[in-house]
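Data block below; observations after.
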Amino acid sequence: MTHPPAPTPLVQPGPPACGAEPPERPRITELRLSAFAGHRRAALPLGPLTLLAGPSGCGKSSALRAYEALARLGGGAALGEAFPDPVACVPERARPDAQHRRGFRIGCTADGPAGPVRLDVAVQAEPHLRIVGERLTADGLVLLETALRDPGKRAVQAAWHTAGPTPVTRGPLPDDRLGTALLPLRVAGRTPGQRRVLAAAEQTVVALRSVFACDPDPGRMRGPVPAGSGRLLRDCGNLADVLSRTRAECGHRHTQLVAAVRAGCAGPVADVLAERPADGAVRAVLDRGDGIRTELGRLGEGELRYVALALVLLTGPGVLDLDPAGEVPAALQTLTVLADGLDRGLDPGQRGELLRLAARICERGHIRLVGAVSDASWAAGTDGVTVVHLKP
């Protein structure tokens with residue numbers, strides 16, 4: 001019989017010790033969509049808690065998709081994994097050139113100990129998917145630049161800053177990987193210039209790496225689920241399995257989850273727990289405190305999405321199904337949650353409670369949230385919220 005791998009310990013960075021300064025964690029402060037899907041020359045500022053607001057068709061979901069793709073590239077994924085449908089990323093009115101080539105351009109700014117670092121990437125989607133240009137800059141200095149010199153080769157020519165006897169080092173890099181993520185394997189770090197390149201590349205990769213994209217699906221959350229790894233999936237369909245783990249491993253955060261559920265769900269809530277019926281499956285229930293237990297499947301869609309999003313905010317990389325930078329201490333990482341349809345199905349009370357919870361969590365610095373909402377007027381006046389209005 002094959003047993004699932006042991007879950008990663010539930011590790012969540014806490015507040016700094018009294019009198020200690022919190023570490024300066026790398027974080028993404030701007031997403032650039034120079035030419036991506038319906039976006040042209042768009043620069044989206046990102047704070048600890050950002051709401052992308054606008055009507056259907058304005059590009060909220062595509063912006064989240066671009067962010068997630070950059071994160072996957074930063075983690076070392078191949079271009080085809082990050083963009084499974086690259087043609088859909090090409091602006092609709094983009095005309096092919098004489099060689100029938102079309103593509104898109106995206107980028108971001110990563111802030112942290114190395115200062116603001118800009119990453120910009122040009123991707124060819126047709127006729128062959130490949131990175132045709134990449135630039136990493138800091139303080140106006142180009143630290144890495146790549147270009148496609150020979151379309152017949154599956155490589156780009158790269159040049160990175162050295163600042164030694166040879167000011168620039170040149171060499172080929174594969175055209176299906178992010179060069180910035182490969183630099184730590186190629187740069188020795190012997191000169192101040194090389195160390196600067198490494199610091200900028202590592203800051204960008206760490207800022208991008210820990211991303212959890214989620215869009216809770218109430219239909220997948222209603223019934224019992226098999227016992228698994230205890231890592232929450234992006235549709236939150238295995239929420240019951242995760243609850244059985246978090247309740248046992250972190251009582252403090254589970255208490256906070258119960259308080260959040262009590263504030264956002266109808267009726268009394270004394271506890272949120274997982275039960276294992278005789279068939280071995282796991283089901284989530286609300287303990288009403290009077291001997292009655294309500295299966296989560298009886299809750300409304302808005303309640304289920306609210307519970308799932310609250311759980312996401314109150315857990316961390318050890319519980320969410322993502323690939324964090326294991327070589328970087330947890331205290332130096334920032335988890336970014338990408339929540340499509342953040343307000344979908346929520347009533348005004350649930351929206352307000354979830355926003356207050358998110359603002360409180362994001363203020364600590366170890367979690368950031370980028371959520372897509374149809375309208376952000378209900379968030380007006382909430383401290384710490386950045387609202388980015390998008391138009392079709």
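Identifiers in the structure tokens: chain A, B, ... in order shown; residue index from 1 per chain; ligand index from 1 in order shown.
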
Do a neighbour search on Arg231 of chain A at 7 Å with only C-alpha atoms, toss out local chain neighbours closer than 6 positions, and write the hits as a VMD selection string. chain A and resid 242 319 to 321

Considering only C-alpha atoms, state which residue in the set A:Leu390, A:Ala155, A:Leu311, A:Leu338 is at the smallest distance from Ala69 of chain A.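 Closest to Ala69 of chain A of all the choices is A:Leu338.
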
Of the listed residues A:Ser229, A:Thr137, A:Gln99, A:Thr162, that which approaches Ala200 of chain A most closely, counting only C-alpha atoms: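 The closest residue to Ala200 of chain A is A:Thr137.
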
Would you kindly return, as an NGL selection string, each protein, DNA or RNA residue with an atom no farther than 7 Å from any atom of Pro224 of chain A, considering only C-alpha atoms and excluding same-chain residues fewer than 4 positions away? :A and (281-283)

Keeping N, CA, C and O atoms, export the residues of the selection given above as an mmCIF file, in the first residue's frame.
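Output file selection38.cif follows:
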```
data_model
loop_
_atom_site.group_PDB
_atom_site.id
_atom_site.type_symbol
_atom_site.label_atom_id
_atom_site.label_comp_id
_atom_site.auth_asym_id
_atom_site.auth_seq_id
_atom_site.Cartn_x
_atom_site.Cartn_y
_atom_site.Cartn_z
ATOM 1 N N ALA A 281 -13.292 8.647 4.458
ATOM 2 C CA ALA A 281 -13.209 9.969 3.869
ATOM 3 C C ALA A 281 -13.259 11.034 4.965
ATOM 4 O O ALA A 281 -13.545 10.744 6.132
ATOM 5 N N VAL A 282 -12.971 12.265 4.586
ATOM 6 C CA VAL A 282 -12.943 13.373 5.539
ATOM 7 C C VAL A 282 -14.006 14.386 5.136
ATOM 8 O O VAL A 282 -14.114 14.751 3.959
ATOM 9 N N ARG A 283 -14.791 14.838 6.100
ATOM 10 C CA ARG A 283 -15.781 15.868 5.804
ATOM 11 C C ARG A 283 -15.639 16.994 6.825
ATOM 12 O O ARG A 283 -15.310 16.767 7.991
#
```
